[in-house]
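Asker: Hey, dropping run.txt in here, compact mmCIF, C-alpha atoms:
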```
# COMPACT_ATOMS: atom_id res chain seq x y z
CA MET A 26 -16.49 -30.34 -17.94
CA GLU A 27 -17.98 -30.49 -14.44
CA TRP A 28 -15.22 -31.31 -11.97
CA SER A 29 -15.83 -32.72 -8.53
CA ASP A 30 -13.84 -30.82 -5.90
CA GLN A 31 -11.55 -33.78 -5.33
CA ALA A 32 -10.91 -34.34 -9.03
CA ALA A 33 -10.33 -30.63 -9.63
CA ALA A 34 -7.91 -30.41 -6.70
CA GLU A 35 -6.01 -33.42 -8.01
CA ALA A 36 -5.83 -31.98 -11.52
CA ALA A 37 -4.83 -28.54 -10.20
CA ARG A 38 -2.06 -30.16 -8.20
CA ASN A 39 -0.72 -31.52 -11.49
CA GLY A 40 -0.66 -28.04 -12.99
CA ASN A 41 -4.10 -27.88 -14.61
CA SER A 42 -5.07 -24.23 -14.22
CA LEU A 43 -8.59 -24.80 -15.58
CA ALA A 44 -9.24 -27.15 -12.69
CA PHE A 45 -8.05 -24.57 -10.18
CA ARG A 46 -10.18 -21.97 -11.90
CA ALA A 47 -13.21 -24.22 -11.42
CA LEU A 48 -12.45 -24.40 -7.70
CA VAL A 49 -12.04 -20.63 -7.44
CA GLU A 50 -15.30 -19.98 -9.25
CA ARG A 51 -17.17 -22.51 -7.15
CA HIS A 52 -15.93 -21.45 -3.72
CA SER A 53 -15.32 -17.69 -3.98
CA ARG A 54 -18.69 -16.58 -2.62
CA GLY A 55 -18.52 -18.92 0.36
CA VAL A 56 -14.99 -17.83 1.16
CA PHE A 57 -16.05 -14.19 0.88
CA ARG A 58 -18.94 -14.70 3.32
CA LEU A 59 -16.65 -16.37 5.84
CA ALA A 60 -13.94 -13.72 5.43
CA PHE A 61 -16.51 -10.96 5.86
CA ARG A 62 -17.87 -12.50 9.06
CA MET A 63 -14.33 -12.87 10.36
CA CYS A 64 -12.91 -9.49 9.34
CA GLY A 65 -15.96 -7.28 9.48
CA ASP A 66 -14.83 -5.23 6.50
CA GLU A 67 -15.75 -5.62 2.85
CA GLN A 68 -12.36 -4.63 1.43
CA ASP A 69 -10.48 -6.81 3.91
CA ALA A 70 -12.77 -9.69 3.00
CA GLU A 71 -12.01 -9.20 -0.71
CA ASP A 72 -8.28 -9.24 0.05
CA MET A 73 -8.67 -12.34 2.16
CA VAL A 74 -10.44 -14.14 -0.70
CA GLN A 75 -7.39 -13.51 -2.91
CA GLU A 76 -4.98 -14.44 -0.14
CA THR A 77 -6.89 -17.64 0.62
CA PHE A 78 -6.78 -18.89 -2.94
CA LEU A 79 -3.12 -17.91 -3.32
CA ARG A 80 -2.20 -19.88 -0.21
CA ALA A 81 -4.40 -22.76 -1.28
CA TYR A 82 -2.65 -22.88 -4.66
CA ARG A 83 0.77 -22.97 -3.04
CA GLN A 84 -0.31 -25.61 -0.55
CA LEU A 85 -2.24 -27.84 -2.95
CA ARG A 86 0.23 -30.65 -2.40
CA GLN A 87 -0.72 -30.65 1.27
CA PHE A 88 -4.39 -31.28 0.49
CA ASP A 89 -4.71 -35.00 1.05
CA GLY A 90 -8.44 -35.30 0.41
CA ARG A 91 -9.23 -36.55 3.91
CA SER A 92 -11.52 -33.57 4.45
CA ALA A 93 -13.73 -31.89 1.88
CA PHE A 94 -11.94 -29.31 -0.26
CA GLY A 95 -14.33 -26.61 0.97
CA THR A 96 -13.48 -27.40 4.58
CA TRP A 97 -9.77 -27.28 3.84
CA LEU A 98 -10.22 -23.97 2.01
CA HIS A 99 -12.26 -22.47 4.84
CA ARG A 100 -9.53 -23.45 7.27
CA ILE A 101 -6.99 -21.55 5.15
CA CYS A 102 -9.36 -18.58 4.99
CA VAL A 103 -9.76 -18.54 8.77
CA ASN A 104 -5.98 -18.59 9.20
CA CYS A 105 -5.55 -15.74 6.70
CA CYS A 106 -8.19 -13.72 8.55
CA LEU A 107 -6.63 -14.48 11.93
CA ASP A 108 -3.26 -13.26 10.61
CA LEU A 109 -4.90 -10.08 9.42
CA LEU A 110 -6.82 -9.54 12.66
CA ARG A 111 -3.66 -10.10 14.71
CA SER A 112 -1.65 -7.65 12.65
CA LYS A 113 -4.45 -5.09 12.85
CA LYS A 114 -4.74 -5.65 16.56
CA SER A 115 -1.05 -5.05 17.13
CA ARG A 116 -1.29 -1.84 15.11
CA ARG A 117 -4.40 -0.77 16.99
CA GLU A 118 -3.12 -1.46 20.48
CA SER A 119 -1.64 1.98 20.77
CA LYS A 120 -4.90 3.59 19.67
CA PRO A 121 -7.85 4.09 22.04
CA ALA A 122 -10.67 2.81 19.83
CA LEU A 123 -11.81 2.84 16.25
CA GLU A 124 -10.35 5.63 14.21
CA GLU A 125 -12.56 8.46 13.17
CA GLY A 126 -14.61 7.41 10.20
CA GLU A 127 -13.76 3.74 10.71
CA ARG A 128 -16.84 1.66 11.24
CA HIS A 129 -17.40 -2.01 11.75
CA TRP A 130 -19.53 -3.79 9.14
CA LEU A 131 -22.15 -4.53 11.74
CA ASP A 132 -22.57 -0.81 12.30
CA THR A 133 -23.50 -0.29 8.70
CA VAL A 134 -25.16 -3.32 7.17
CA ALA A 135 -28.84 -3.84 6.70
CA ALA A 136 -31.00 -6.91 6.28
CA PRO A 137 -31.30 -8.29 2.76
CA ALA A 138 -35.09 -8.36 2.77
CA PRO A 139 -36.86 -5.34 1.34
CA ASN A 140 -39.35 -5.32 4.21
CA PRO A 141 -38.72 -2.00 6.05
CA GLU A 142 -39.53 -3.47 9.45
CA ARG A 143 -37.04 -6.26 9.01
CA LEU A 144 -34.54 -3.77 7.63
CA ALA A 145 -34.84 -1.64 10.74
CA GLU A 146 -34.66 -4.65 13.03
CA SER A 147 -31.54 -6.03 11.34
CA SER A 148 -29.78 -2.67 11.60
CA GLN A 149 -30.76 -2.49 15.24
CA ILE A 150 -29.36 -5.96 15.93
CA ALA A 151 -26.23 -5.15 13.96
CA ALA A 152 -25.69 -1.97 15.93
CA MET A 153 -25.98 -3.91 19.18
CA LEU A 154 -23.89 -6.85 18.09
CA ALA A 155 -20.94 -4.94 16.63
CA PRO A 156 -19.29 -3.67 19.82
CA ALA A 157 -19.94 -6.98 21.59
CA LEU A 158 -18.24 -8.98 18.81
CA ARG A 159 -15.24 -6.69 18.93
CA GLU A 160 -14.76 -7.57 22.58
CA LEU A 161 -14.36 -11.29 21.85
CA SER A 162 -10.90 -12.81 21.64
CA ASP A 163 -9.74 -14.01 18.19
CA MET A 164 -10.35 -17.60 19.24
CA GLU A 165 -13.83 -16.92 20.60
CA ARG A 166 -14.79 -14.92 17.57
CA THR A 167 -13.50 -17.57 15.17
CA ALA A 168 -15.19 -20.37 17.08
CA PHE A 169 -18.46 -18.43 17.17
CA VAL A 170 -18.39 -17.52 13.47
CA LEU A 171 -17.61 -21.10 12.48
CA ARG A 172 -20.25 -22.59 14.76
CA HIS A 173 -23.00 -20.05 14.39
CA TYR A 174 -22.71 -18.89 10.80
CA GLU A 175 -20.84 -21.72 9.09
CA GLY A 176 -22.51 -24.53 11.02
CA CYS A 177 -19.19 -26.28 11.68
CA GLU A 178 -19.05 -29.14 14.17
CA ILE A 179 -16.93 -28.61 17.28
CA ALA A 180 -14.38 -31.19 16.07
CA GLU A 181 -13.88 -29.22 12.86
CA ILE A 182 -13.50 -25.95 14.78
CA ALA A 183 -10.93 -27.61 17.03
CA ARG A 184 -8.93 -28.75 13.98
CA THR A 185 -9.11 -25.31 12.41
CA LEU A 186 -7.95 -23.56 15.58
CA GLY A 187 -5.42 -26.26 16.40
CA VAL A 188 -6.84 -26.77 19.89
CA GLN A 189 -8.42 -29.59 21.86
CA HIS A 190 -12.10 -30.40 21.40
CA ASN A 191 -13.04 -29.02 24.83
CA ALA A 192 -11.16 -25.78 24.27
CA ALA A 193 -13.06 -25.20 21.03
CA LYS A 194 -16.36 -26.00 22.73
CA HIS A 195 -15.64 -23.61 25.57
CA SER A 196 -14.66 -20.89 23.13
CA VAL A 197 -18.14 -21.13 21.61
CA PHE A 198 -19.70 -21.08 25.09
CA ARG A 199 -17.65 -18.10 26.19
CA ALA A 200 -18.47 -16.22 23.00
CA VAL A 201 -22.22 -16.78 23.40
CA GLN A 202 -22.08 -15.94 27.11
CA LYS A 203 -20.15 -12.72 26.48
CA LEU A 204 -22.49 -11.69 23.66
CA ARG A 205 -25.55 -12.38 25.82
CA ARG A 206 -24.12 -10.51 28.76
CA ALA A 207 -23.24 -7.53 26.59
CA LEU A 208 -26.56 -7.46 24.74
CA GLU A 209 -29.03 -8.46 27.45
CA PRO A 210 -29.80 -4.93 28.69
CA VAL A 211 -30.35 -3.39 25.26
CA TRP A 212 -31.93 -6.55 23.93
CA GLY A 213 -34.50 -6.66 26.70
CA ALA A 214 -35.40 -3.01 26.17
CA ALA A 215 -35.66 -3.42 22.41
CA ARG A 216 -37.97 -6.47 22.58
CA MET B 30 -35.83 -29.70 40.11
CA LYS B 31 -32.38 -28.83 38.81
CA HIS B 32 -32.57 -26.41 35.88
CA LEU B 33 -30.23 -26.43 32.91
CA THR B 34 -27.05 -24.41 33.08
CA GLU B 35 -26.31 -21.79 30.46
CA GLU B 36 -23.79 -24.13 28.83
CA GLU B 37 -26.38 -26.86 28.57
CA LEU B 38 -28.86 -24.44 27.02
CA ILE B 39 -26.25 -23.44 24.44
CA GLU B 40 -25.60 -27.12 23.72
CA VAL B 41 -29.30 -27.68 23.17
CA TYR B 42 -29.52 -24.64 20.91
CA TYR B 43 -26.67 -25.91 18.73
CA ARG B 44 -28.09 -29.43 18.83
CA GLU B 45 -24.94 -30.82 20.38
CA PRO B 46 -25.52 -34.37 21.58
CA ALA B 47 -27.35 -33.35 24.76
CA GLU B 48 -30.49 -35.49 24.65
CA GLN B 49 -31.14 -35.41 28.35
CA ALA B 50 -30.86 -31.63 28.46
CA ALA B 51 -33.08 -31.30 25.39
CA ARG B 52 -35.73 -33.49 27.01
CA HIS B 53 -35.54 -31.42 30.17
CA ALA B 54 -36.01 -28.22 28.18
CA GLU B 55 -39.19 -29.68 26.69
CA GLU B 56 -40.60 -30.67 30.04
CA CYS B 57 -39.52 -27.75 32.24
CA ALA B 58 -41.39 -24.51 31.64
CA GLU B 59 -38.63 -22.36 33.17
CA CYS B 60 -35.87 -23.89 31.03
CA ALA B 61 -38.12 -23.78 27.94
CA ARG B 62 -38.57 -20.04 28.53
CA ARG B 63 -34.82 -19.48 28.93
CA LEU B 64 -34.10 -21.54 25.81
CA ALA B 65 -36.65 -19.51 23.84
CA GLU B 66 -34.93 -16.28 24.95
CA LEU B 67 -31.54 -17.61 23.94
CA ARG B 68 -32.92 -18.84 20.61
CA SER B 69 -34.57 -15.53 19.89
CA MET B 70 -31.30 -13.64 20.39
CA LEU B 71 -29.01 -16.05 18.55
CA ASP B 72 -31.45 -16.48 15.66
CA ALA B 73 -31.59 -12.71 15.34
CA PHE B 74 -27.80 -12.60 14.87
CA ARG B 75 -28.28 -14.62 11.70
CA GLU B 76 -30.54 -11.91 10.33
CA VAL B 77 -27.60 -9.56 10.05
CA ALA B 78 -26.74 -9.64 6.39
CA VAL B 79 -23.45 -10.04 4.56
CA PRO B 80 -23.04 -8.03 1.34
CA GLU B 81 -24.14 -10.28 -1.49
CA ARG B 82 -21.80 -11.20 -4.29
CA ALA B 83 -23.10 -11.85 -7.81
CA GLU B 84 -23.00 -15.26 -9.47
CA SER B 85 -20.09 -13.96 -11.55
CA TYR B 86 -18.03 -13.17 -8.47
CA GLY B 87 -15.92 -16.32 -8.83
CA THR B 88 -14.96 -15.29 -12.37
CA GLU B 89 -13.97 -11.83 -11.13
CA VAL B 90 -11.84 -13.38 -8.39
CA TRP B 91 -10.18 -15.66 -10.92
CA SER B 92 -9.35 -12.80 -13.29
CA GLN B 93 -7.51 -10.99 -10.50
CA LEU B 94 -5.92 -14.13 -9.18
CA ALA B 95 -4.69 -15.80 -12.37
CA PRO B 96 -1.80 -13.39 -13.11
CA ARG B 97 -0.52 -13.89 -9.55
CA LEU B 98 -0.25 -17.65 -9.82
CA GLU B 99 2.98 -19.29 -10.82
CA ARG B 100 2.70 -22.71 -12.35
CA PRO B 101 3.39 -25.27 -9.65
CA ARG B 102 6.90 -26.50 -10.33
CA GLN B 103 8.16 -29.90 -9.57
CA ARG B 104 10.84 -28.58 -7.27
CA MET B 105 14.09 -30.47 -7.35
CA ARG B 106 14.73 -31.50 -3.79
CA PHE B 107 18.09 -31.18 -2.13
CA TRP B 108 18.34 -34.93 -1.72
CA LEU B 109 18.01 -35.27 -5.48
CA LEU B 110 20.44 -32.48 -6.26
CA ALA B 111 23.08 -33.29 -3.66
CA PRO B 112 24.20 -36.64 -5.11
CA ALA B 113 24.36 -35.07 -8.55
CA LEU B 114 26.55 -32.23 -7.33
CA ALA B 115 28.64 -34.57 -5.24
CA ALA B 116 29.11 -36.80 -8.26
CA MET B 117 30.13 -33.80 -10.35
CA LEU B 118 32.74 -32.76 -7.81
CA ALA B 119 34.02 -36.32 -7.59
CA ILE B 120 34.28 -36.42 -11.35
CA ALA B 121 36.17 -33.15 -11.29
CA PHE B 122 38.76 -34.36 -8.81
CA GLY B 123 38.94 -37.81 -10.33
CA ALA B 124 39.37 -36.39 -13.78
CA GLY B 125 42.47 -34.44 -12.82
CA VAL B 126 44.19 -37.49 -11.48
CA TRP B 127 43.15 -40.34 -13.72
CA LEU B 128 42.26 -39.07 -17.11
CA GLU B 129 44.39 -37.83 -19.92
CA HIS B 130 44.43 -34.12 -20.55
CA ASP B 131 41.98 -33.93 -23.50
CA ARG B 132 39.46 -36.24 -21.89
CA ALA B 133 39.82 -34.31 -18.67
CA ALA B 134 39.06 -31.08 -20.53
CA ALA B 135 35.92 -32.60 -22.04
CA ARG B 136 34.76 -33.80 -18.67
CA GLU B 137 35.58 -30.41 -17.20
CA ARG B 138 33.29 -28.78 -19.73
CA THR B 139 30.52 -31.28 -19.02
CA ARG B 140 30.89 -30.78 -15.31
CA GLU B 141 30.87 -27.03 -15.66
CA ARG B 142 27.82 -27.12 -17.92
CA VAL B 143 25.83 -29.26 -15.48
CA LEU B 144 26.91 -27.04 -12.63
CA LEU B 145 25.92 -23.89 -14.48
CA MET B 146 22.51 -25.28 -15.36
CA ALA B 147 21.95 -26.38 -11.75
CA MET B 148 23.07 -22.92 -10.63
CA SER B 149 20.68 -21.22 -13.05
CA ASP B 150 17.78 -23.40 -11.94
CA HIS B 151 18.54 -22.71 -8.28
CA LEU B 152 18.78 -18.96 -8.86
CA GLU B 153 15.56 -18.97 -10.86
CA ARG B 154 13.68 -20.54 -7.96
CA SER B 155 15.34 -18.15 -5.54
CA GLU B 156 14.27 -15.27 -7.78
CA ILE B 157 10.63 -16.39 -7.59
CA MET B 158 10.85 -16.57 -3.82
CA LEU B 159 12.50 -13.15 -3.53
CA THR B 160 9.90 -11.62 -5.84
CA GLU B 161 7.11 -13.00 -3.68
CA LEU B 162 8.85 -11.77 -0.56
CA LEU B 163 9.22 -8.26 -1.97
CA HIS B 164 5.58 -8.10 -3.03
CA ALA B 165 4.17 -9.67 0.13
CA ASP B 166 2.21 -7.71 2.69
CA PRO B 167 4.49 -7.91 5.76
CA ALA B 168 1.43 -8.18 7.98
CA SER B 169 0.07 -11.31 6.37
CA PHE B 170 3.26 -12.91 5.08
CA ASP B 171 2.94 -16.71 5.17
CA ILE B 172 6.18 -17.47 6.98
CA ALA B 173 5.41 -21.16 7.52
CA GLY B 174 5.20 -21.87 3.78
CA GLU B 175 8.25 -19.78 2.94
CA ARG B 176 10.37 -21.29 5.70
CA GLU B 177 10.23 -24.76 4.18
CA ARG B 178 11.05 -23.40 0.74
CA ALA B 179 13.94 -21.34 2.14
CA ARG B 180 15.38 -24.43 3.87
CA ASP B 181 15.37 -26.37 0.61
CA LEU B 182 17.04 -23.53 -1.21
CA LEU B 183 19.53 -22.94 1.59
CA SER B 184 20.94 -26.46 1.41
CA GLU B 185 21.43 -26.17 -2.34
CA ASN B 186 22.81 -22.68 -2.02
CA ARG B 187 25.59 -23.75 0.36
CA LEU B 188 26.70 -26.52 -1.95
CA LEU B 189 26.64 -24.28 -5.01
CA ARG B 190 28.53 -21.48 -3.23
CA GLN B 191 31.30 -23.90 -2.25
CA SER B 192 31.47 -25.19 -5.81
CA ALA B 193 31.69 -21.64 -7.17
CA LEU B 194 34.55 -20.87 -4.76
CA GLN B 195 36.40 -24.03 -5.74
CA LEU B 196 36.09 -23.04 -9.38
CA GLY B 197 37.38 -19.57 -8.54
CA ASN B 198 34.16 -17.85 -9.61
CA ARG B 199 34.17 -15.17 -6.92
CA PRO B 200 31.39 -12.88 -8.29
CA GLN B 201 29.02 -15.86 -8.44
CA ALA B 202 30.04 -16.95 -4.93
CA ALA B 203 29.44 -13.40 -3.65
CA VAL B 204 25.87 -13.34 -4.99
CA LEU B 205 25.22 -16.76 -3.47
CA ASP B 206 26.67 -15.50 -0.19
CA ASP B 207 24.26 -12.53 -0.16
CA LEU B 208 21.39 -14.81 -1.05
CA GLU B 209 22.37 -17.22 1.71
CA ARG B 210 21.98 -14.52 4.38
CA VAL B 211 18.39 -13.90 3.29
CA LEU B 212 17.65 -17.62 3.09
CA VAL B 213 19.06 -18.14 6.59
CA SER B 214 16.78 -15.37 7.93
CA LEU B 215 13.74 -16.97 6.31
CA ALA B 216 14.66 -20.55 7.17
CA ASN B 217 15.10 -19.71 10.84
CA ALA B 218 12.22 -17.26 11.11
CA PRO B 219 9.99 -17.93 14.12
CA GLU B 220 6.27 -18.59 13.64
CA ASN B 221 5.41 -15.27 15.27
CA ARG B 222 7.78 -13.20 13.16
CA SER B 223 6.60 -9.61 13.32
CA ALA B 224 5.56 -7.54 10.33
CA ASP B 225 8.43 -5.13 11.12
CA GLU B 226 11.00 -7.91 10.83
CA THR B 227 9.55 -8.98 7.50
CA LYS B 228 9.63 -5.36 6.35
CA MET B 229 13.30 -5.09 7.37
CA LEU B 230 14.10 -8.21 5.39
CA GLN B 231 12.29 -6.79 2.37
CA GLU B 232 14.33 -3.60 2.71
CA ARG B 233 17.56 -5.58 2.96
CA VAL B 234 16.73 -7.41 -0.28
CA GLU B 235 15.80 -4.16 -1.99
CA ASP B 236 18.77 -2.14 -0.72
CA GLY B 237 21.27 -4.80 -1.76
CA ARG B 238 19.61 -5.11 -5.19
CA LEU B 239 19.73 -8.82 -4.53
CA LEU B 240 16.87 -9.67 -6.85
CA TRP B 241 18.61 -7.93 -9.73
CA LYS B 242 21.94 -9.65 -8.98
CA VAL B 243 20.27 -13.05 -8.75
CA ARG B 244 18.48 -12.49 -12.04
CA ILE B 245 21.65 -11.42 -13.88
CA THR B 246 23.74 -14.26 -12.43
CA SER B 247 21.04 -16.77 -13.34
CA THR B 248 20.84 -15.53 -16.93
CA ASN B 249 24.63 -15.52 -17.30
CA ALA B 250 24.92 -19.03 -15.89
CA ARG B 251 22.28 -20.36 -18.24
CA GLU B 252 23.81 -18.67 -21.31
CA ARG B 253 27.30 -19.89 -20.45
CA GLY B 254 25.99 -23.39 -19.76
CA GLN B 255 24.23 -23.51 -23.12
CA LYS B 256 27.38 -22.44 -24.95
CA LEU B 257 29.56 -25.17 -23.41
```
Go ahead and express the file in the form of structure tokens.
Answerer:
Amino acid sequence: MEWSDQAAAEAARNGNSLAFRALVERHSRGVFRLAFRMCGDEQDAEDMVQETFLRAYRQLRQFDGRSAFGTWLHRICVNCCLDLLRSKKSRRESKPALEEGERHWLDTVAAPAPNPERLAESSQIAAMLAPALRELSDMERTAFVLRHYEGCEIAEIARTLGVQHNAAKHSVFRAVQKLRRALEPVWGAAR
Amino acid sequence: MKHLTEEELIEVYYREPAEQAARHAEECAECARRLAELRSMLDAFREVAVPERAESYGTEVWSQLAPRLERPRQRMRFWLLAPALAAMLAIAFGAGVWLEHDRAAARERTRERVLLMAMSDHLERSEIMLTELLHADPASFDIAGERERARDLLSENRLLRQSALQLGNRPQAAVLDDLERVLVSLANAPENRSADETKMLQERVEDGRLLWKVRITSTNARERGQKL
């Protein structure tokens, strides 16, 4: 049976595990992509996928259907990732930088296309972008990921972050400005 | 001519409602050049790949997730339980005064059975919560969700502890008293509760073998209730 998201959420709320399974199977890859962009680590992203669906399951009664299920789920995922980032940040504050051997995903990933030129270019961009992204605040990073990679509207970002519309908009601005400022010198030389 | 600010260029890039700015960028060579630079950089960010997951990824996620899910229970709210418990206590006091001895004994058994079943149900739900607390990662523990649940359980717990004391069941009251301390900590936990505080709470539950005590008391209550 092909469930719509709304119907599956309603059925899952009434204890139908097959309906919840349908939602998990449908949304896992999207949640993983978002978690990976937010956390920058494959294992963390996997954990966040589990955590997101666990929280969603417990909070199913709070899903009122006013927004799409995917949007609601992504909001939970962002909050899970923010919790993780905050806890990591507090642990990291006493350390000078990344631990030895620890690398950000953007330091390591390559473009999906087999074309070697594109592969090299993507790695180059990733290498430049990684340290700049790390310098963003949690709010700027979240706003940027949601706007740039997830294509969320500012109003949706504001709801997710629990801030006013203008604050969300300025977080995106600040993120782009900071990234540009950080990358401009290397970017110009690389072009 | 006044050129577009960086914020306006970003708005145009993201196709925010900025029609005037977008028109300007089309007409002004300088702004068109700056917009092209911005576009080239931001578009390039999208080239950075995310590790792909296979079509079967959702099934893999489900297989790991399914054992961790408890069936959503229709939780009995305090406002549903309170009148029932209050009625039971009223019956208990009323029975002693107004009813003959044999009828009073029958009512006493009924009252005790209902109380024991309510106790067992309450402890079962507390057990689930304690299990989740013990297995939670302190760093990502969802305190907001647990706080509401702890508040519900706390209200019931107080009522049941008083009933246990009135019935002279001190071991049961002692377990409820231990449980109440944990519930109070969770119910009053601030939003920004640190991972260390959660860890300390987990240790307190573990050290006091609270989960084990709750489980045993719950089983005993249910068995005794079924026998009555």
Asker: Show me the residues around (-5.8, -9.4, -1.0) - criterion: an atom at most 12 Å away, all atoms listed in the file counted - as number ranges by chain.
Answerer: A: 57, 60, 67-80, 102, 105-106, 109; B: 90, 93-94, 97, 164-166, 168-170
Asker: Please, what distance in Å, to one decimal, runs between CA of Ser184 in chain B and CA of Arg142 in chain B?
Answerer: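 Going from CA of Ser184 in chain B over to CA of Arg142 in chain B, I get 20.5 Å.
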Asker: Pick out the closest residue to Arg172 in chain A from this set: B:Met229, B:Glu161, B:Leu71, B:Glu66. Count all atoms listed in the file.
Answerer: B:Leu71
Asker: Can you measure CA of Asp181 in chain B to CA of Ala81 in chain A for me? One decimal in Å is fine.
Answerer: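 Separating CA of Asp181 in chain B from CA of Ala81 in chain A is a distance of 20.2 Å.
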Asker: Which residue out of A:Phe61, A:Phe88, A:Phe94, A:Phe169 has the minimum interatomic distance to chain B when all atoms listed in the file are used?
Answerer: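 Under the stated criterion, the closest residue is A:Phe61.
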Asker: Need to verify the contact set: Ala51 in chain B, 12 Å, all atoms listed in the file, exclusion of same-chain residues closer than 2 positions in sequence. Can you return it as an MDAnalysis selection string?
Answerer: chainID B and resid 32:34 37:49 53:57 60:61 64
Asker: So the first atom is CA of Arg46 in chain A and the second is CA of Met158 in chain B; what is the distance between them in Å, to one decimal place?
Answerer: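 Atom-to-atom, CA of Arg46 in chain A to CA of Met158 in chain B, that is 23.2 Å.
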Asker: Determine, for each residue of chain B having at least one atom at most 6 Å from an atom of chain A, the closest pair of atoms and their separation in Å to one decimal, counting all atoms listed in the file; order by chain and ascending number, as JSON lines.
Answerer:
```
{"residue": "B:Val77", "atom": "CA", "partner": "A:Ser147", "partner_atom": "CA", "distance": 5.4}
{"residue": "B:Ala78", "atom": "CA", "partner": "A:Ala136", "partner_atom": "CA", "distance": 5.1}
{"residue": "B:Gly87", "atom": "CA", "partner": "A:Glu50", "partner_atom": "CA", "distance": 3.7}
{"residue": "B:Thr88", "atom": "CA", "partner": "A:Glu50", "partner_atom": "CA", "distance": 5.6}
{"residue": "B:Pro101", "atom": "CA", "partner": "A:Gly40", "partner_atom": "CA", "distance": 5.9}
{"residue": "B:Ala168", "atom": "CA", "partner": "A:Ser112", "partner_atom": "CA", "distance": 5.6}
{"residue": "B:Ser169", "atom": "CA", "partner": "A:Asp108", "partner_atom": "CA", "distance": 5.7}
```
Asker: For a cut-off of 10 Å around (10.6, -19.4, 11.6), file coordinates, pick out all residues using only C-alpha atoms and list them as a PDB file with C-alpha atoms, in the coordinates of the input.
Answerer:
```pdb
ATOM      1  CA  ILE B 172       6.180 -17.470   6.980  1.00  0.00           C
ATOM      2  CA  ALA B 173       5.410 -21.160   7.520  1.00  0.00           C
ATOM      3  CA  GLY B 174       5.200 -21.870   3.780  1.00  0.00           C
ATOM      4  CA  GLU B 175       8.250 -19.780   2.940  1.00  0.00           C
ATOM      5  CA  ARG B 176      10.370 -21.290   5.700  1.00  0.00           C
ATOM      6  CA  GLU B 177      10.230 -24.760   4.180  1.00  0.00           C
ATOM      7  CA  VAL B 213      19.060 -18.140   6.590  1.00  0.00           C
ATOM      8  CA  SER B 214      16.780 -15.370   7.930  1.00  0.00           C
ATOM      9  CA  LEU B 215      13.740 -16.970   6.310  1.00  0.00           C
ATOM     10  CA  ALA B 216      14.660 -20.550   7.170  1.00  0.00           C
ATOM     11  CA  ASN B 217      15.100 -19.710  10.840  1.00  0.00           C
ATOM     12  CA  ALA B 218      12.220 -17.260  11.110  1.00  0.00           C
ATOM     13  CA  PRO B 219       9.990 -17.930  14.120  1.00  0.00           C
ATOM     14  CA  GLU B 220       6.270 -18.590  13.640  1.00  0.00           C
ATOM     15  CA  ASN B 221       5.410 -15.270  15.270  1.00  0.00           C
ATOM     16  CA  ARG B 222       7.780 -13.200  13.160  1.00  0.00           C
TER      17      ARG B 222
END
```
Asker: Leaving out Arg233 in chain B and any residue of its chain fewer than 3 positions from it, which residues lie within 12 Å of it when counting all atoms listed in the file, given as an NGL selection string?
Answerer: :B and (159 or 162-163 or 207-208 or 210-211 or 214 or 226-230 or 236-240)
Asker: Taking C-alpha atoms for each residue, export the selection above as a compact mmCIF listing (two decimals), in the coordinates of the input.
Answerer:
```txt
# COMPACT_ATOMS: atom_id res chain seq x y z
CA LEU B 159 12.50 -13.15 -3.53
CA LEU B 162 8.85 -11.77 -0.56
CA LEU B 163 9.22 -8.26 -1.97
CA ASP B 207 24.26 -12.53 -0.16
CA LEU B 208 21.39 -14.81 -1.05
CA ARG B 210 21.98 -14.52 4.38
CA VAL B 211 18.39 -13.90 3.29
CA SER B 214 16.78 -15.37 7.93
CA GLU B 226 11.00 -7.91 10.83
CA THR B 227 9.55 -8.98 7.50
CA LYS B 228 9.63 -5.36 6.35
CA MET B 229 13.30 -5.09 7.37
CA LEU B 230 14.10 -8.21 5.39
CA ASP B 236 18.77 -2.14 -0.72
CA GLY B 237 21.27 -4.80 -1.76
CA ARG B 238 19.61 -5.11 -5.19
CA LEU B 239 19.73 -8.82 -4.53
CA LEU B 240 16.87 -9.67 -6.85
```
Asker: Applying 9 Å and all atoms listed in the file, which residues near Ser155 in chain B remain after dropping the ones on its own chain fewer than 5 positions away? List them as a PDB file with C-alpha atoms, in the coordinates of the input.
Answerer:
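Written out: result.pdb:
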```pdb
ATOM      1  CA  ASP B 150      17.780 -23.400 -11.940  1.00  0.00           C
ATOM      2  CA  THR B 160       9.900 -11.620  -5.840  1.00  0.00           C
ATOM      3  CA  ALA B 179      13.940 -21.340   2.140  1.00  0.00           C
ATOM      4  CA  LEU B 182      17.040 -23.530  -1.210  1.00  0.00           C
ATOM      5  CA  LEU B 208      21.390 -14.810  -1.050  1.00  0.00           C
ATOM      6  CA  LEU B 212      17.650 -17.620   3.090  1.00  0.00           C
ATOM      7  CA  LEU B 240      16.870  -9.670  -6.850  1.00  0.00           C
ATOM      8  CA  VAL B 243      20.270 -13.050  -8.750  1.00  0.00           C
TER       9      VAL B 243
END
```
